[in-house]
>>> print(open('structure09.cif').read())   # mmCIF, C-alpha atoms
data_coords
#
loop_
_atom_site.label_atom_id
_atom_site.label_comp_id
_atom_site.auth_asym_id
_atom_site.auth_seq_id
_atom_site.Cartn_x
_atom_site.Cartn_y
_atom_site.Cartn_z
CA MET A 288 -29.73 38.50 3.92
CA TYR A 289 -29.03 41.04 1.19
CA TYR A 290 -25.43 39.85 0.98
CA LEU A 291 -26.48 36.19 0.79
CA ASN A 292 -28.85 36.94 -2.10
CA TYR A 293 -26.14 38.96 -3.79
CA LEU A 294 -23.71 36.04 -3.35
CA ALA A 295 -26.23 33.52 -4.75
CA VAL A 296 -26.91 35.72 -7.80
CA SER A 297 -23.19 36.32 -8.37
CA LEU A 298 -22.43 32.60 -8.08
CA SER A 299 -25.21 31.73 -10.48
CA SER A 300 -24.06 34.26 -13.10
CA PHE A 301 -20.44 33.14 -12.63
CA SER A 302 -21.56 29.53 -13.09
CA GLU A 303 -23.39 30.45 -16.31
CA THR A 304 -20.35 32.30 -17.69
CA VAL A 305 -17.99 29.44 -16.90
CA ASN A 306 -20.48 26.90 -18.23
CA SER A 307 -20.79 28.65 -21.58
CA PHE A 308 -16.98 28.79 -21.87
CA LEU A 309 -16.48 25.14 -20.85
CA SER A 310 -19.28 23.84 -23.06
CA ASN A 311 -17.18 24.94 -26.06
CA LEU A 312 -14.56 22.47 -24.79
CA GLY A 313 -17.13 19.72 -24.27
CA LEU A 314 -17.05 20.17 -20.49
CA GLU A 315 -19.73 20.95 -17.96
CA PHE A 316 -19.67 23.12 -14.84
CA HIS A 317 -22.08 22.34 -12.04
CA PRO A 318 -20.72 23.63 -8.72
CA GLU A 319 -24.05 22.83 -7.06
CA ALA A 320 -23.37 19.10 -7.62
CA VAL A 321 -20.82 19.24 -4.78
CA LEU A 322 -23.61 19.63 -2.24
CA GLY A 323 -25.22 16.37 -3.44
CA MET A 324 -21.89 14.55 -3.21
CA LEU A 325 -21.13 15.74 0.32
CA LYS A 326 -23.68 13.24 1.59
CA HIS A 327 -21.90 10.39 -0.25
CA MET A 328 -18.61 11.61 1.18
CA GLY A 329 -19.95 11.45 4.73
CA VAL A 330 -21.60 8.06 4.25
CA GLY A 331 -18.58 6.61 2.41
CA MET A 332 -16.05 7.62 5.06
CA LEU A 333 -18.36 6.46 7.85
CA VAL A 334 -18.82 3.03 6.23
CA ILE A 335 -15.05 2.62 5.71
CA PHE A 336 -14.35 3.40 9.37
CA VAL A 337 -17.13 1.10 10.59
CA ILE A 338 -15.88 -1.83 8.45
CA ILE A 339 -12.27 -1.22 9.44
CA GLY A 340 -13.38 -1.01 13.07
CA ILE A 341 -15.12 -4.38 12.81
CA ILE A 342 -12.04 -5.90 11.16
CA ILE A 343 -9.78 -4.51 13.92
CA LEU A 344 -12.00 -5.98 16.63
CA ALA A 345 -12.23 -9.32 14.81
CA THR A 346 -8.43 -9.40 14.37
CA ILE A 347 -7.80 -8.64 18.03
CA ALA A 348 -10.34 -11.31 18.98
CA ILE A 349 -8.80 -14.06 16.83
CA GLN A 350 -5.34 -13.13 18.07
CA LYS A 351 -6.50 -13.49 21.68
CA VAL A 352 -8.42 -16.72 21.05
CA PHE A 353 -5.64 -18.46 19.20
CA SER A 354 -2.81 -17.24 21.42
CA SER A 355 -4.72 -18.37 24.57
CA GLU A 356 -5.35 -21.78 22.99
CA LYS A 357 -1.64 -22.06 22.39
CA LYS A 358 -0.89 -21.19 26.03
CA VAL A 359 -3.33 -23.83 27.30
CA LYS A 360 -1.70 -26.44 25.09
CA THR A 361 1.74 -25.42 26.37
CA LYS A 362 0.57 -25.78 30.02
CA LYS A 363 -0.73 -29.25 29.37
CA MET B 237 5.13 2.21 -55.07
CA GLU B 238 1.87 3.59 -53.74
CA ILE B 239 1.86 1.01 -51.00
CA LEU B 240 4.89 2.70 -49.43
CA TYR B 241 3.12 5.95 -48.62
CA LYS B 242 -0.59 5.17 -48.94
CA ASN B 243 -1.24 4.66 -45.21
CA LEU B 244 1.12 7.45 -44.17
CA LEU B 245 -1.35 9.91 -45.67
CA ASN B 246 -3.96 8.68 -43.20
CA PHE B 247 -2.02 9.95 -40.17
CA GLY B 248 -3.71 12.92 -38.55
CA LEU B 249 -2.36 15.25 -35.86
CA GLY B 250 -4.20 13.23 -33.20
CA GLU B 251 -2.50 9.97 -34.17
CA VAL B 252 0.92 11.68 -34.22
CA ILE B 253 0.31 13.13 -30.72
CA MET B 254 -0.80 9.70 -29.46
CA LEU B 255 2.33 8.07 -30.91
CA CYS B 256 4.36 10.66 -28.99
CA ILE B 257 2.37 9.87 -25.80
CA GLY B 258 3.02 6.14 -26.37
CA GLY B 259 6.71 6.93 -26.82
CA LEU B 260 6.66 9.02 -23.64
CA LEU B 261 5.13 6.16 -21.63
CA ILE B 262 7.80 3.78 -22.95
CA TYR B 263 10.52 6.35 -22.12
CA LEU B 264 9.19 6.84 -18.58
CA ALA B 265 9.00 3.08 -18.10
CA ILE B 266 12.52 2.33 -19.31
CA LYS B 267 14.53 5.44 -18.53
CA LYS B 268 12.80 6.62 -15.35
CA GLU B 269 11.63 3.14 -14.24
CA MET B 270 8.14 4.51 -13.50
CA GLU B 271 5.83 1.47 -13.07
CA PRO B 272 7.60 -0.16 -16.05
CA THR B 273 5.59 -3.37 -15.82
CA LEU B 274 2.45 -1.51 -16.81
CA LEU B 275 3.54 1.70 -18.52
CA LEU B 276 5.68 -0.14 -21.08
CA PRO B 277 2.90 -2.45 -22.35
CA MET B 278 0.49 0.50 -22.26
CA GLY B 279 2.91 2.68 -24.21
CA PHE B 280 3.49 0.02 -26.82
CA GLY B 281 -0.22 -0.72 -27.01
CA THR B 282 -0.80 3.01 -27.60
CA LEU B 283 1.50 2.80 -30.63
CA LEU B 284 -0.37 -0.24 -31.94
CA VAL B 285 -3.86 1.28 -31.70
CA ASN B 286 -2.96 4.65 -33.19
CA ILE B 287 -1.63 3.43 -36.51
CA PRO B 288 -4.39 4.26 -39.02
CA PHE B 289 -6.31 1.11 -40.03
CA SER B 290 -4.28 -0.91 -37.52
CA ASP B 291 -5.44 -4.53 -37.53
CA ALA B 292 -4.23 -4.79 -33.92
CA LEU B 293 -6.97 -2.46 -32.68
CA ALA B 294 -9.86 -4.26 -34.35
CA GLY B 295 -8.29 -7.69 -33.76
CA PRO B 296 -6.25 -8.92 -30.80
CA ILE B 297 -6.34 -5.79 -28.64
CA LYS B 298 -10.10 -5.50 -28.92
CA GLU B 299 -10.47 -9.23 -28.19
CA LEU B 300 -8.18 -8.98 -25.15
CA TYR B 301 -10.03 -5.91 -23.91
CA GLU B 302 -13.40 -7.62 -24.17
CA ALA B 303 -12.11 -10.87 -22.71
CA GLY B 304 -10.29 -9.37 -19.76
CA ILE B 305 -11.06 -5.74 -19.04
CA ALA B 306 -14.65 -5.13 -20.12
CA ASN B 307 -15.69 -7.93 -17.75
CA GLU B 308 -13.10 -6.89 -15.07
CA LEU B 309 -11.41 -10.30 -15.19
CA PHE B 310 -7.78 -9.13 -15.56
CA PRO B 311 -7.79 -6.68 -12.63
CA LEU B 312 -9.35 -9.36 -10.42
CA LEU B 313 -6.86 -12.03 -11.46
CA LEU B 314 -4.08 -9.55 -10.79
CA PHE B 315 -5.46 -9.17 -7.29
CA ILE B 316 -4.73 -12.85 -6.62
CA GLY B 317 -1.07 -12.12 -7.38
CA ILE B 318 -1.06 -8.95 -5.27
CA GLY B 319 -2.72 -10.76 -2.38
CA ALA B 320 -0.07 -13.48 -2.56
CA MET B 321 2.67 -10.83 -2.41
CA ILE B 322 1.37 -9.02 0.69
CA ASP B 323 2.59 -9.91 4.15
CA PHE B 324 -0.04 -8.75 6.64
CA GLY B 325 2.31 -9.56 9.54
CA PRO B 326 3.16 -5.93 10.52
CA LEU B 327 -0.55 -5.10 10.41
CA LEU B 328 -1.54 -8.11 12.50
CA SER B 329 1.06 -7.12 15.10
CA ASN B 330 -0.73 -3.80 15.52
CA PRO B 331 -4.26 -3.95 14.02
CA LYS B 332 -5.06 -0.38 15.09
CA LEU B 333 -2.85 0.80 12.23
CA MET B 334 -5.75 -0.07 9.94
CA LEU B 335 -7.46 3.16 10.98
CA PHE B 336 -4.88 5.15 9.02
CA GLY B 337 -5.68 3.15 5.90
CA ALA B 338 -9.31 4.19 6.31
CA ALA B 339 -8.46 7.86 6.89
CA ALA B 340 -6.26 8.01 3.81
CA GLN B 341 -9.21 7.18 1.55
CA PHE B 342 -10.54 10.68 2.15
CA GLY B 343 -8.99 11.79 -1.14
CA ILE B 344 -11.37 9.49 -3.04
CA PHE B 345 -14.47 11.15 -1.64
CA PHE B 346 -13.04 14.67 -1.80
CA THR B 347 -12.21 14.11 -5.47
CA LEU B 348 -15.69 12.71 -6.00
CA CYS B 349 -17.05 16.10 -4.91
CA MET B 350 -14.60 18.00 -7.11
CA ALA B 351 -15.13 15.77 -10.16
CA SER B 352 -18.91 16.07 -9.87
CA ILE B 353 -18.54 19.76 -10.78
CA PHE B 354 -17.34 18.83 -14.27
CA PHE B 355 -18.54 15.27 -14.91
CA PRO B 356 -21.72 13.20 -14.65
CA ASP B 357 -21.98 11.12 -11.44
CA ILE B 358 -20.74 7.86 -12.99
CA ASP B 359 -17.61 9.43 -14.49
CA ALA B 360 -16.99 11.49 -11.35
CA ALA B 361 -17.10 8.31 -9.25
CA SER B 362 -14.74 6.53 -11.65
CA ILE B 363 -12.30 9.44 -11.58
CA ALA B 364 -12.46 9.65 -7.79
CA ILE B 365 -11.29 6.05 -7.46
CA ILE B 366 -7.89 7.11 -8.86
CA GLY B 367 -7.40 8.12 -5.23
CA ALA B 368 -7.43 4.43 -4.31
CA ALA B 369 -3.82 4.55 -5.57
CA ASP B 370 -4.40 1.07 -6.82
CA GLY B 371 -4.43 0.40 -10.56
CA PRO B 372 -6.55 -2.79 -10.64
CA THR B 373 -9.21 -1.22 -8.38
CA SER B 374 -9.36 1.87 -10.59
CA ILE B 375 -9.75 -0.20 -13.75
CA ALA B 376 -12.30 -2.57 -12.21
CA VAL B 377 -14.47 0.21 -10.75
CA ALA B 378 -14.32 2.46 -13.84
CA ASN B 379 -15.28 -0.49 -16.02
CA ALA B 380 -18.03 -1.73 -13.73
CA LEU B 381 -19.55 1.75 -13.71
CA GLY B 382 -19.29 1.96 -17.50
CA SER B 383 -17.19 5.12 -17.54
CA SER B 384 -16.11 6.43 -20.92
CA PHE B 385 -12.75 7.53 -19.48
CA VAL B 386 -11.15 4.18 -18.56
CA GLY B 387 -7.99 5.02 -20.57
CA PRO B 388 -7.18 8.38 -18.96
CA ILE B 389 -8.16 7.03 -15.51
CA THR B 390 -5.76 4.10 -15.88
CA VAL B 391 -2.93 6.33 -17.09
CA ALA B 392 -3.54 8.77 -14.22
CA ALA B 393 -3.72 5.98 -11.60
CA TYR B 394 -0.50 4.27 -12.66
CA SER B 395 1.40 7.50 -13.39
CA TYR B 396 0.70 8.95 -9.97
CA MET B 397 1.47 5.62 -8.28
CA ALA B 398 4.86 5.80 -9.94
CA LEU B 399 5.16 9.45 -8.89
CA VAL B 400 4.39 8.78 -5.20
CA PRO B 401 8.08 9.42 -4.29
CA VAL B 402 7.74 12.85 -5.90
CA ILE B 403 4.21 13.75 -4.77
CA GLN B 404 4.22 12.69 -1.12
CA PRO B 405 7.42 14.11 0.48
CA PRO B 406 6.61 17.82 -0.07
CA ILE B 407 3.07 17.33 1.27
CA ILE B 408 4.32 15.41 4.30
CA LYS B 409 6.88 18.16 5.01
CA LEU B 410 4.30 20.87 4.53
CA MET B 411 1.84 19.26 6.93
CA THR B 412 4.18 18.19 9.72
CA THR B 413 6.59 20.04 11.97
CA LYS B 414 10.18 18.90 12.46
CA LYS B 415 9.27 17.97 16.03
CA GLU B 416 6.49 15.69 14.75
CA ARG B 417 8.76 14.08 12.17
CA LEU B 418 11.24 13.30 14.93
CA ILE B 419 8.73 11.30 16.98
CA ARG B 420 10.09 7.80 17.50
CA MET B 421 7.83 4.80 17.43
CA PRO B 422 9.47 1.75 18.96
CA TYR B 423 8.41 -1.46 17.27
CA GLU B 424 7.54 -4.41 19.45
CA GLN B 425 7.95 -7.64 17.57
CA LYS B 426 4.83 -9.65 18.38
CA SER B 427 4.51 -13.19 17.20
CA VAL B 428 1.50 -13.74 14.98
CA SER B 429 0.26 -17.32 14.99
CA LYS B 430 -0.16 -19.16 11.72
CA LEU B 431 -3.84 -19.68 12.48
CA THR B 432 -4.31 -15.90 12.83
CA ARG B 433 -2.62 -15.37 9.46
CA ILE B 434 -4.96 -17.95 7.91
CA MET B 435 -8.09 -16.60 9.58
CA PHE B 436 -7.36 -12.97 8.70
CA PRO B 437 -8.08 -13.13 4.92
CA ILE B 438 -11.15 -15.29 5.56
CA ILE B 439 -12.58 -12.90 8.15
CA ILE B 440 -11.90 -9.82 6.03
CA THR B 441 -13.62 -11.41 3.03
CA VAL B 442 -16.69 -12.40 5.02
CA VAL B 443 -17.01 -9.07 6.89
CA VAL B 444 -16.47 -6.83 3.87
CA SER B 445 -18.61 -8.90 1.50
CA ALA B 446 -21.45 -9.17 3.98
CA ILE B 447 -21.61 -5.39 4.37
CA ILE B 448 -20.76 -4.36 0.79
CA PRO B 449 -21.61 -7.22 -1.58
CA GLN B 450 -20.38 -5.10 -4.52
CA ALA B 451 -16.85 -5.45 -3.11
CA THR B 452 -16.95 -9.25 -2.87
CA ALA B 453 -15.00 -9.90 -6.06
CA LEU B 454 -12.36 -7.24 -5.35
CA ILE B 455 -11.72 -8.18 -1.72
CA GLY B 456 -12.31 -11.91 -2.32
CA PHE B 457 -9.65 -12.26 -5.02
CA LEU B 458 -7.16 -10.19 -3.02
CA MET B 459 -7.70 -12.27 0.10
CA PHE B 460 -7.76 -15.55 -1.83
CA GLY B 461 -4.24 -14.72 -3.02
CA ASN B 462 -3.21 -14.02 0.56
CA LEU B 463 -4.75 -17.25 1.82
CA ILE B 464 -2.76 -19.21 -0.77
CA ARG B 465 0.35 -17.53 0.64
CA GLU B 466 -0.40 -18.07 4.30
CA CYS B 467 -1.96 -21.54 4.32
CA GLY B 468 1.45 -23.17 4.06
CA VAL B 469 0.39 -26.08 1.87
CA LEU B 470 0.25 -24.26 -1.47
CA ASP B 471 3.73 -22.82 -1.78
CA THR B 472 3.95 -23.63 -5.48
CA LEU B 473 0.63 -21.94 -6.20
CA SER B 474 1.63 -18.96 -4.08
CA GLU B 475 4.87 -18.60 -6.00
CA THR B 476 3.02 -18.95 -9.31
CA ALA B 477 0.45 -16.32 -8.30
CA GLN B 478 3.16 -13.89 -7.18
CA LYS B 479 5.32 -14.27 -10.25
CA VAL B 480 3.89 -16.02 -13.30
CA LEU B 481 0.22 -15.09 -12.91
CA ALA B 482 0.88 -11.47 -11.87
CA ASN B 483 3.39 -10.94 -14.68
CA LEU B 484 1.23 -12.57 -17.33
CA ILE B 485 -1.87 -10.61 -16.38
CA THR B 486 0.12 -7.38 -16.16
CA ILE B 487 1.30 -7.86 -19.76
CA PHE B 488 -2.23 -8.49 -21.02
CA LEU B 489 -3.73 -5.76 -18.86
CA GLY B 490 -1.24 -3.14 -19.98
CA ILE B 491 -1.53 -3.83 -23.66
CA SER B 492 -5.30 -4.19 -23.68
CA VAL B 493 -5.91 -1.00 -21.64
CA ALA B 494 -4.43 0.71 -24.69
CA PHE B 495 -7.71 -0.11 -26.45
CA ASN B 496 -8.97 3.14 -24.84
CA MET B 497 -5.90 5.11 -25.84
CA THR B 498 -6.95 6.02 -29.36
CA ALA B 499 -6.66 9.68 -30.37
CA ASP B 500 -10.42 10.24 -30.56
CA GLN B 501 -10.96 8.84 -27.04
CA PHE B 502 -7.88 10.21 -25.29
CA LEU B 503 -7.22 13.65 -26.78
CA LYS B 504 -10.00 15.52 -25.06
CA PRO B 505 -9.93 18.42 -22.59
CA GLN B 506 -11.44 15.96 -20.08
CA THR B 507 -8.20 13.97 -20.07
CA LEU B 508 -6.24 16.94 -18.70
CA LEU B 509 -8.94 17.52 -16.12
CA ILE B 510 -8.82 13.84 -15.09
CA MET B 511 -5.04 14.03 -14.67
CA GLY B 512 -5.50 17.13 -12.47
CA LEU B 513 -8.24 15.53 -10.39
CA GLY B 514 -6.13 12.37 -9.98
CA LEU B 515 -3.32 14.47 -8.57
CA ILE B 516 -5.74 16.15 -6.16
CA ALA B 517 -6.91 12.69 -5.04
CA PHE B 518 -3.34 11.60 -4.19
CA ILE B 519 -2.58 14.86 -2.38
CA VAL B 520 -5.77 14.78 -0.28
CA ASP B 521 -5.26 11.07 0.50
CA THR B 522 -1.84 11.89 1.91
CA ALA B 523 -3.16 14.89 3.81
CA GLY B 524 -6.10 12.87 5.17
CA GLY B 525 -3.82 10.23 6.69
CA ILE B 526 -1.52 12.82 8.25
CA LEU B 527 -4.36 14.89 9.69
CA PHE B 528 -5.95 11.79 11.19
CA ALA B 529 -2.69 10.90 12.94
CA LYS B 530 -2.44 14.46 14.26
CA PHE B 531 -6.02 14.23 15.49
CA LEU B 532 -5.29 10.97 17.33
CA ASN B 533 -2.21 12.57 18.89
CA LEU B 534 -4.49 15.02 20.68
CA PHE B 535 -5.75 12.13 22.80
CA LEU B 536 -2.79 9.75 22.97
CA LYS B 537 -0.15 9.70 25.68
CA THR B 538 2.38 7.96 23.47
CA LYS B 539 2.42 10.08 20.36
CA ILE B 540 2.33 8.69 16.84
CA ASN B 541 4.63 10.04 14.15
CA PRO B 542 2.03 11.66 11.85
CA MET B 543 4.09 10.79 8.79
CA ILE B 544 2.90 7.18 9.00
CA GLY B 545 -0.62 8.40 8.19
CA ALA B 546 0.61 9.31 4.72
CA ALA B 547 1.41 5.64 4.08
CA GLY B 548 -2.31 4.88 4.21
CA ILE B 549 -2.61 5.30 0.45
CA SER B 550 -2.29 1.89 -1.04
CA ALA B 551 0.67 2.54 -3.32
CA PHE B 552 2.41 -0.50 -1.85
CA PRO B 553 5.27 -0.58 -0.86
CA MET B 554 6.55 2.79 -2.14
CA SER B 555 4.53 4.89 0.26
CA GLY B 556 5.63 2.90 3.33
CA ARG B 557 9.28 3.15 2.27
CA ILE B 558 9.07 6.90 1.65
CA VAL B 559 7.77 7.54 5.16
CA HIS B 560 10.53 5.39 6.64
CA LYS B 561 13.15 7.18 4.54
CA MET B 562 11.86 10.61 5.55
CA GLY B 563 11.93 9.55 9.19
CA GLN B 564 15.56 8.48 8.83
CA GLN B 565 16.47 11.74 7.13
CA GLU B 566 15.33 13.58 10.24
CA ASP B 567 16.78 11.07 12.68
CA PRO B 568 18.93 8.16 11.45
CA GLN B 569 17.96 6.16 14.54
CA ASN B 570 14.22 6.40 13.85
CA PHE B 571 12.89 3.17 12.32
CA LEU B 572 9.35 3.66 11.10
CA LEU B 573 9.41 0.94 8.43
CA MET B 574 7.33 -1.72 10.16
CA HIS B 575 4.67 0.82 11.19
CA SER B 576 4.55 2.49 7.79
CA ILE B 577 4.37 -0.83 5.93
CA GLY B 578 1.58 -1.93 8.29
CA VAL B 579 -0.34 1.25 7.46
CA ASN B 580 0.48 0.79 3.78
CA VAL B 581 -1.04 -2.72 3.56
CA SER B 582 -4.07 -1.51 5.49
CA GLY B 583 -4.42 1.12 2.77
CA GLN B 584 -4.61 -1.71 0.25
CA ILE B 585 -7.56 -3.24 2.12
CA ALA B 586 -9.25 0.13 2.71
CA SER B 587 -8.91 1.17 -0.93
CA VAL B 588 -10.69 -2.00 -2.05
CA ILE B 589 -13.43 -1.31 0.50
CA ALA B 590 -13.69 2.25 -0.84
CA GLY B 591 -13.98 0.84 -4.37
CA GLY B 592 -16.82 -1.39 -3.20
CA ILE B 593 -18.56 1.54 -1.51
CA ILE B 594 -18.31 3.60 -4.72
CA LEU B 595 -19.76 0.64 -6.65
CA GLY B 596 -22.49 0.27 -4.03
CA ILE B 597 -23.48 3.93 -4.29
CA PHE B 598 -23.19 4.45 -8.05
CA GLY B 599 -23.46 0.94 -9.47
CA SER B 600 -26.48 -0.35 -11.38
#
>>> encode(input="structure09.cif", output="structure tokens")
Amino acid sequence: MYYLNYLAVSLSSFSETVNSFLSNLGLEFHPEAVLGMLKHMGVGMLVIFVIIGIIILATIAIQKVFSSEKKVKTKK
Amino acid sequence: MEILYKNLLNFGLGEVIMLCIGGLLIYLAIKKEMEPTLLLPMGFGTLLVNIPFSDALAGPIKELYEAGIANELFPLLLFIGIGAMIDFGPLLSNPKLMLFGAAAQFGIFFTLCMASIFFPDIDAASIAIIGAADGPTSIAVANALGSSFVGPITVAAYSYMALVPVIQPPIIKLMTTKKERLIRMPYEQKSVSKLTRIMFPIIITVVVSAIIPQATALIGFLMFGNLIRECGVLDTLSETAQKVLANLITIFLGISVAFNMTADQFLKPQTLLIMGLGLIAFIVDTAGGILFAKFLNLFLKTKINPMIGAAGISAFPMSGRIVHKMGQQEDPQNFLLMHSIGVNVSGQIASVIAGGIILGIFGS
């Protein structure tokens, strides 16, 4: 626990030092923002895979439907 | 005589640096053939807008920018041309390849996290989309989100797309063993019916738009172009979209993007940071695709060559060709082209979906 507090304090003072340096360059430094974005990262990647999964299934389905139709026509 | 030197006195250091950057873009386009269709107009546009009191900046370039970029029209029209150029055949032969396109978008979201350290959410999201490795998507998303860094984002996106042959091979080598690079993937030529080719762009448009309405324009224009190509009754339109339309829009897009390339907008420390973050996006995209292939190999009996995962970034067709070339360097009898091109076109679809997701999360 002591080490965690020490780490948090160190990170915070490091962040302040970097921030004051970067602000001279017109930049910001907010390492804590990463935690907020991790959620978007998880959701974003999940949504991409779900949509791609649906598209794969739909593609396989139309391939099967249309190729079987072709076979039926050929038999006739 | 005063007229000869009057305006020369108005040149500042910033304008001189921007003229050099414009010259560099033209040099890279002509001498190194790096994305010449876009870097050359952008380079020349940079010259035009950085002449003090240039009437081009306040006149035609501003008008073109507002008419075609501020409302995202040019990138979307360019998508019709791109859609008409893409053959989804290799992908339709093996639809599972689309998974690699999804995995290779990881760089976008990783960069989003990194960029959020230095930039507000909207700019971080716009920078992250450089990882789509797709110029029109980057421009459209950055504009739709109202980012103030459209110029640097566009330069980064197109520069790194041109540098894919330099960026990807060392990462692929670093992340794969020789044994993995030697894995052969026989290609079974499967016939894809014309009806499937016609239905594919329609289904993709409906599925993607229904889930992410913010991506409707991006995916719709891309797939409309592809439908023109595949329907078989609009060959003239398809040819026009692939050549005349794409070329015309590229000229206008390139020169009007330069509207954001003025010294006061471009010469900022943020520009360097954006270039760095863009590079990270491309590297993590490549790594994401490779790692996903390696992960799948843990469960598959017939192993996949993990290099094809790297083709999931949508820098089409360079990325697909690089993977094929690297495969042949290891084993001249290893033909990965059809697989890598299939993954590459799936990256094009996935990057547009990722753009829509970013718009969905950060838009409005």
>>> interface_residues(input="structure09.cif", of="chain A", to="chain B", cutoff="12 Å", atoms="only C-alpha atoms", output="number ranges by chain")
A: 302, 305-306, 309-358
>>> write_last_selection(input="structure09.cif", atoms="C-alpha atoms", output="PDB file, in the frame of the given file")
ATOM      1  CA  SER A 302     -21.560  29.530 -13.090  1.00  0.00           C
ATOM      2  CA  VAL A 305     -17.990  29.440 -16.900  1.00  0.00           C
ATOM      3  CA  ASN A 306     -20.480  26.900 -18.230  1.00  0.00           C
ATOM      4  CA  LEU A 309     -16.480  25.140 -20.850  1.00  0.00           C
ATOM      5  CA  SER A 310     -19.280  23.840 -23.060  1.00  0.00           C
ATOM      6  CA  ASN A 311     -17.180  24.940 -26.060  1.00  0.00           C
ATOM      7  CA  LEU A 312     -14.560  22.470 -24.790  1.00  0.00           C
ATOM      8  CA  GLY A 313     -17.130  19.720 -24.270  1.00  0.00           C
ATOM      9  CA  LEU A 314     -17.050  20.170 -20.490  1.00  0.00           C
ATOM     10  CA  GLU A 315     -19.730  20.950 -17.960  1.00  0.00           C
ATOM     11  CA  PHE A 316     -19.670  23.120 -14.840  1.00  0.00           C
ATOM     12  CA  HIS A 317     -22.080  22.340 -12.040  1.00  0.00           C
ATOM     13  CA  PRO A 318     -20.720  23.630  -8.720  1.00  0.00           C
ATOM     14  CA  GLU A 319     -24.050  22.830  -7.060  1.00  0.00           C
ATOM     15  CA  ALA A 320     -23.370  19.100  -7.620  1.00  0.00           C
ATOM     16  CA  VAL A 321     -20.820  19.240  -4.780  1.00  0.00           C
ATOM     17  CA  LEU A 322     -23.610  19.630  -2.240  1.00  0.00           C
ATOM     18  CA  GLY A 323     -25.220  16.370  -3.440  1.00  0.00           C
ATOM     19  CA  MET A 324     -21.890  14.550  -3.210  1.00  0.00           C
ATOM     20  CA  LEU A 325     -21.130  15.740   0.320  1.00  0.00           C
ATOM     21  CA  LYS A 326     -23.680  13.240   1.590  1.00  0.00           C
ATOM     22  CA  HIS A 327     -21.900  10.390  -0.250  1.00  0.00           C
ATOM     23  CA  MET A 328     -18.610  11.610   1.180  1.00  0.00           C
ATOM     24  CA  GLY A 329     -19.950  11.450   4.730  1.00  0.00           C
ATOM     25  CA  VAL A 330     -21.600   8.060   4.250  1.00  0.00           C
ATOM     26  CA  GLY A 331     -18.580   6.610   2.410  1.00  0.00           C
ATOM     27  CA  MET A 332     -16.050   7.620   5.060  1.00  0.00           C
ATOM     28  CA  LEU A 333     -18.360   6.460   7.850  1.00  0.00           C
ATOM     29  CA  VAL A 334     -18.820   3.030   6.230  1.00  0.00           C
ATOM     30  CA  ILE A 335     -15.050   2.620   5.710  1.00  0.00           C
ATOM     31  CA  PHE A 336     -14.350   3.400   9.370  1.00  0.00           C
ATOM     32  CA  VAL A 337     -17.130   1.100  10.590  1.00  0.00           C
ATOM     33  CA  ILE A 338     -15.880  -1.830   8.450  1.00  0.00           C
ATOM     34  CA  ILE A 339     -12.270  -1.220   9.440  1.00  0.00           C
ATOM     35  CA  GLY A 340     -13.380  -1.010  13.070  1.00  0.00           C
ATOM     36  CA  ILE A 341     -15.120  -4.380  12.810  1.00  0.00           C
ATOM     37  CA  ILE A 342     -12.040  -5.900  11.160  1.00  0.00           C
ATOM     38  CA  ILE A 343      -9.780  -4.510  13.920  1.00  0.00           C
ATOM     39  CA  LEU A 344     -12.000  -5.980  16.630  1.00  0.00           C
ATOM     40  CA  ALA A 345     -12.230  -9.320  14.810  1.00  0.00           C
ATOM     41  CA  THR A 346      -8.430  -9.400  14.370  1.00  0.00           C
ATOM     42  CA  ILE A 347      -7.800  -8.640  18.030  1.00  0.00           C
ATOM     43  CA  ALA A 348     -10.340 -11.310  18.980  1.00  0.00           C
ATOM     44  CA  ILE A 349      -8.800 -14.060  16.830  1.00  0.00           C
ATOM     45  CA  GLN A 350      -5.340 -13.130  18.070  1.00  0.00           C
ATOM     46  CA  LYS A 351      -6.500 -13.490  21.680  1.00  0.00           C
ATOM     47  CA  VAL A 352      -8.420 -16.720  21.050  1.00  0.00           C
ATOM     48  CA  PHE A 353      -5.640 -18.460  19.200  1.00  0.00           C
ATOM     49  CA  SER A 354      -2.810 -17.240  21.420  1.00  0.00           C
ATOM     50  CA  SER A 355      -4.720 -18.370  24.570  1.00  0.00           C
ATOM     51  CA  GLU A 356      -5.350 -21.780  22.990  1.00  0.00           C
ATOM     52  CA  LYS A 357      -1.640 -22.060  22.390  1.00  0.00           C
ATOM     53  CA  LYS A 358      -0.890 -21.190  26.030  1.00  0.00           C
TER      54      LYS A 358
END
>>> resolve_selection(input="structure09.cif", expression="the PyMOL selection byres ((chain B and resi 388-394) around 8)", output="NGL selection string")
:B and (271 or 274-275 or 362-363 or 366-367 or 369-371 or 374-375 or 378 or 385-387 or 395-398 or 493 or 497 or 502 or 507 or 510-511 or 514)
>>> resolve_selection(input="structure09.cif", expression="the PyMOL selection byres ((chain B and resi 531-541) around 7)", output="PyMOL selection string")
chain B and resi 416-417+419-421+527-530+542-544
>>> atom_distance(input="structure09.cif", atom1="CA of Gln478 (chain B)", atom2="CA of Ile318 (chain B)")
6.8 Å
>>> resolve_selection(input="structure09.cif", expression="the PyMOL selection byres ((chain B and resi 569) around 12)", output="ChimeraX atom specification")
/B:418-422,560-568,570-573
>>> atom_distance(input="structure09.cif", atom1="CA of Val559 (chain B)", atom2="CA of Ile322 (chain B)")
18.3 Å
>>> residues_around(input="structure09.cif", residues="Ile407 (chain B)", least_positions_apart="3", cutoff="12 Å", atoms="only C-alpha atoms", output="list in words")
Val400, Pro401, Val402, Ile403, Gln404, Leu410, Met411, Thr412, Thr413, Ile516, Phe518, Ile519, Val520, Asp521, Thr522, Ala523, Gly524, Gly525, Ile526, Leu527, Met543, Gly545, Ala546, Val559 and Met562 of chain B
